[in-house]
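Dumped model14.pdb below, it's PDB, C-alpha atoms:
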```
ATOM      1  CA  MET A   1       0.000   0.000   0.000  1.00  0.00           C
ATOM      2  CA  ALA A   2       1.288   3.436  -0.855  1.00  0.00           C
ATOM      3  CA  THR A   3       1.920   5.763   2.038  1.00  0.00           C
ATOM      4  CA  ARG A   4       2.127   9.514   2.387  1.00  0.00           C
ATOM      5  CA  LYS A   5       3.768  11.514   5.145  1.00  0.00           C
ATOM      6  CA  ILE A   6       1.422  14.019   6.768  1.00  0.00           C
ATOM      7  CA  THR A   7       1.511  16.198   9.851  1.00  0.00           C
ATOM      8  CA  ILE A   8      -1.190  15.744  12.470  1.00  0.00           C
ATOM      9  CA  THR A   9      -1.798  17.171  15.903  1.00  0.00           C
ATOM     10  CA  VAL A  10      -2.687  14.659  18.607  1.00  0.00           C
ATOM     11  CA  PRO A  11      -3.257  15.304  22.320  1.00  0.00           C
ATOM     12  CA  GLU A  12      -0.217  14.425  24.436  1.00  0.00           C
ATOM     13  CA  GLU A  13      -1.948  11.868  26.677  1.00  0.00           C
ATOM     14  CA  PRO A  14      -2.854   9.329  23.965  1.00  0.00           C
ATOM     15  CA  VAL A  15       0.564   9.796  22.324  1.00  0.00           C
ATOM     16  CA  GLN A  16       2.312   8.934  25.603  1.00  0.00           C
ATOM     17  CA  SER A  17       0.046   5.943  26.103  1.00  0.00           C
ATOM     18  CA  ILE A  18       0.788   4.686  22.573  1.00  0.00           C
ATOM     19  CA  LYS A  19       4.542   5.189  23.017  1.00  0.00           C
ATOM     20  CA  GLU A  20       4.434   3.020  26.139  1.00  0.00           C
ATOM     21  CA  ARG A  21       3.177   0.112  24.015  1.00  0.00           C
ATOM     22  CA  VAL A  22       5.139   0.488  20.784  1.00  0.00           C
ATOM     23  CA  ASP A  23       8.604   1.646  19.771  1.00  0.00           C
ATOM     24  CA  ALA A  24       9.065   5.062  18.136  1.00  0.00           C
ATOM     25  CA  ARG A  25       8.646   3.652  14.621  1.00  0.00           C
ATOM     26  CA  GLY A  26       5.439   1.851  15.649  1.00  0.00           C
ATOM     27  CA  VAL A  27       3.573   5.040  16.536  1.00  0.00           C
ATOM     28  CA  SER A  28       2.861   5.801  12.874  1.00  0.00           C
ATOM     29  CA  GLY A  29       1.599   2.271  12.289  1.00  0.00           C
ATOM     30  CA  TYR A  30      -0.577   2.443  15.381  1.00  0.00           C
ATOM     31  CA  ILE A  31      -2.141   5.731  14.316  1.00  0.00           C
ATOM     32  CA  ALA A  32      -2.496   4.511  10.709  1.00  0.00           C
ATOM     33  CA  ALA A  33      -4.341   1.411  11.966  1.00  0.00           C
ATOM     34  CA  ALA A  34      -6.620   3.593  14.104  1.00  0.00           C
ATOM     35  CA  ALA A  35      -7.362   5.825  11.104  1.00  0.00           C
ATOM     36  CA  ALA A  36      -8.088   2.793   8.903  1.00  0.00           C
ATOM     37  CA  HIS A  37     -10.425   1.391  11.566  1.00  0.00           C
ATOM     38  CA  GLN A  38     -12.295   4.699  11.869  1.00  0.00           C
ATOM     39  CA  ASP A  39     -12.568   4.939   8.074  1.00  0.00           C
ATOM     40  CA  ALA A  40     -14.045   1.416   7.946  1.00  0.00           C
ATOM     41  CA  MET A  41     -16.554   2.285  10.694  1.00  0.00           C
ATOM     42  CA  ASP A  42     -17.534   5.496   8.881  1.00  0.00           C
ATOM     43  CA  ARG A  43     -18.066   3.577   5.642  1.00  0.00           C
ATOM     44  CA  LEU A  44     -20.139   0.970   7.467  1.00  0.00           C
ATOM     45  CA  ARG A  45     -22.293   3.714   9.015  1.00  0.00           C
ATOM     46  CA  GLU A  46     -22.776   5.284   5.562  1.00  0.00           C
ATOM     47  CA  LEU A  47     -23.858   1.898   4.173  1.00  0.00           C
ATOM     48  CA  ALA A  48     -26.252   1.357   7.080  1.00  0.00           C
ATOM     49  CA  ASP A  49     -27.737   4.810   6.518  1.00  0.00           C
ATOM     50  CA  ARG A  50     -28.231   4.126   2.787  1.00  0.00           C
ATOM     51  CA  LEU A  51     -29.830   0.754   3.482  1.00  0.00           C
ATOM     52  CA  GLU A  52     -32.118   2.287   6.096  1.00  0.00           C
ATOM     53  CA  ALA A  53     -33.134   5.048   3.692  1.00  0.00           C
ATOM     54  CA  GLU A  54     -33.905   2.474   0.998  1.00  0.00           C
ATOM     55  CA  HIS A  55     -35.519  -0.280   3.111  1.00  0.00           C
ATOM     56  CA  GLY A  56     -36.672   1.443   6.290  1.00  0.00           C
ATOM     57  CA  THR A  57     -35.585   1.165   9.895  1.00  0.00           C
ATOM     58  CA  VAL A  58     -34.627  -2.265  11.181  1.00  0.00           C
ATOM     59  CA  THR A  59     -37.133  -3.487  13.755  1.00  0.00           C
ATOM     60  CA  ASP A  60     -36.180  -4.981  17.131  1.00  0.00           C
ATOM     61  CA  ASP A  61     -37.356  -8.389  15.887  1.00  0.00           C
ATOM     62  CA  GLU A  62     -35.141  -8.108  12.810  1.00  0.00           C
ATOM     63  CA  GLN A  63     -32.168  -7.090  14.939  1.00  0.00           C
ATOM     64  CA  GLN A  64     -32.652 -10.100  17.196  1.00  0.00           C
ATOM     65  CA  ALA A  65     -33.096 -12.473  14.245  1.00  0.00           C
ATOM     66  CA  ALA A  66     -29.429 -12.185  13.218  1.00  0.00           C
ATOM     67  CA  PRO A  67     -27.841 -13.353  16.502  1.00  0.00           C
ATOM     68  CA  ASP A  68     -30.589 -15.969  16.865  1.00  0.00           C
ATOM     69  CA  ARG A  69     -29.713 -17.360  13.423  1.00  0.00           C
ATOM     70  CA  ILE A  70     -25.983 -17.319  14.224  1.00  0.00           C
ATOM     71  CA  ALA A  71     -26.662 -19.206  17.469  1.00  0.00           C
ATOM     72  CA  ALA A  72     -28.793 -21.773  15.595  1.00  0.00           C
ATOM     73  CA  ILE A  73     -25.989 -22.328  13.084  1.00  0.00           C
ATOM     74  CA  GLY A  74     -23.505 -22.740  15.950  1.00  0.00           C
ATOM     75  CA  ASP A  75     -25.803 -25.280  17.611  1.00  0.00           C
ATOM     76  CA  TRP A  76     -26.130 -27.195  14.333  1.00  0.00           C
ATOM     77  CA  HIS A  77     -22.337 -27.312  13.937  1.00  0.00           C
ATOM     78  CA  ASP A  78     -21.964 -28.533  17.524  1.00  0.00           C
ATOM     79  CA  GLU A  79     -24.416 -31.360  16.802  1.00  0.00           C
ATOM     80  CA  GLN A  80     -22.382 -32.388  13.730  1.00  0.00           C
ATOM     81  CA  ARG A  81     -19.135 -32.805  15.672  1.00  0.00           C
ATOM     82  CA  PRO A  82     -18.379 -36.317  16.893  1.00  0.00           C
ATOM     83  CA  ALA A  83     -18.580 -36.698  20.659  1.00  0.00           C
ATOM     84  CA  SER A  84     -15.306 -37.241  22.535  1.00  0.00           C
ATOM     85  CA  GLY A  85     -14.001 -40.745  21.959  1.00  0.00           C
ATOM     86  CA  GLU A  86     -16.094 -41.289  18.800  1.00  0.00           C
ATOM     87  CA  ALA A  87     -14.413 -41.873  15.478  1.00  0.00           C
ATOM     88  CA  ALA A  88     -14.790 -39.041  13.031  1.00  0.00           C
TER      89      ALA A  88
END
```
Structure re-expressed in structure tokens:
Amino acid sequence: MATRKITITVPEEPVQSIKERVDARGVSGYIAAAAAHQDAMDRLRELADRLEAEHGTVTDDEQQAAPDRIAAIGDWHDEQRPASGEAA
């Protein structure tokens, strides 16, 4: 990925906290990763807003349906695994 050097201003407290975890060269990577994460979250929010505008607000039942379906799939996979001591 291409990179570009820029100048940013960041409050001292988070910079000190970051420096305690990474070496001096890792600060740029840390901040770049944080910026990439925020960009991804912003894009996801924009997508959610477009979908809501096109299809309407997601209901509570619809919101609960997704984790319920994921749990059902997990349960199904658990049932497919051989029990301990059984041949696969």
Which neighbours of Ala32 of chain A fall inside 12 Å, counting only C-alpha atoms, when residues of the same chain fewer than 4 positions from it are skipped, and could you give them as a ChimeraX atom specification? /A:1,3-6,8,25-28,36-39
Using only C-alpha atoms, please write the residues we just selected to a file, as an mmCIF file, in the coordinates of the input.
```cif
data_model
loop_
_atom_site.group_PDB
_atom_site.id
_atom_site.type_symbol
_atom_site.label_atom_id
_atom_site.label_comp_id
_atom_site.auth_asym_id
_atom_site.auth_seq_id
_atom_site.Cartn_x
_atom_site.Cartn_y
_atom_site.Cartn_z
ATOM 1 C CA MET A 1 0.000 0.000 0.000
ATOM 2 C CA THR A 3 1.920 5.763 2.038
ATOM 3 C CA ARG A 4 2.127 9.514 2.387
ATOM 4 C CA LYS A 5 3.768 11.514 5.145
ATOM 5 C CA ILE A 6 1.422 14.019 6.768
ATOM 6 C CA ILE A 8 -1.190 15.744 12.470
ATOM 7 C CA ARG A 25 8.646 3.652 14.621
ATOM 8 C CA GLY A 26 5.439 1.851 15.649
ATOM 9 C CA VAL A 27 3.573 5.040 16.536
ATOM 10 C CA SER A 28 2.861 5.801 12.874
ATOM 11 C CA ALA A 36 -8.088 2.793 8.903
ATOM 12 C CA HIS A 37 -10.425 1.391 11.566
ATOM 13 C CA GLN A 38 -12.295 4.699 11.869
ATOM 14 C CA ASP A 39 -12.568 4.939 8.074
#
```
For atom CA of Ala40 of chain A and atom CA of Ala53 of chain A, quote the distance in Å rounded to one decimal.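 Pair atom CA of Ala40 of chain A / atom CA of Ala53 of chain A returns 19.9 Å.
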Rounded to one decimal in Å, what is the spacing between atom CA of Arg69 of chain A and atom CA of Arg43 of chain A? 25.2 Å
Report the distance between atom CA of Asp60 of chain A and atom CA of Ala48 of chain A in Å, rounded to one decimal place.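 Taking atom CA of Asp60 of chain A and atom CA of Ala48 of chain A, their separation equals 15.5 Å.
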Using all atoms listed in the file, which residue out of A:Thr9, A:Asp49, A:Ala66, A:Gly74 lies closest to Ile31 of chain A?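 When distances to Ile31 of chain A are compared using all atoms listed in the file, the smallest one comes from A:Thr9.
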Among the residues A:Ala2, A:Glu54, A:Ile18, A:Pro82, the one that comes closest to Tyr30 of chain A [using all atoms listed in the file]: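 Comparing A:Ala2, A:Glu54, A:Ile18, A:Pro82 against Tyr30 of chain A, the winner is A:Ile18.
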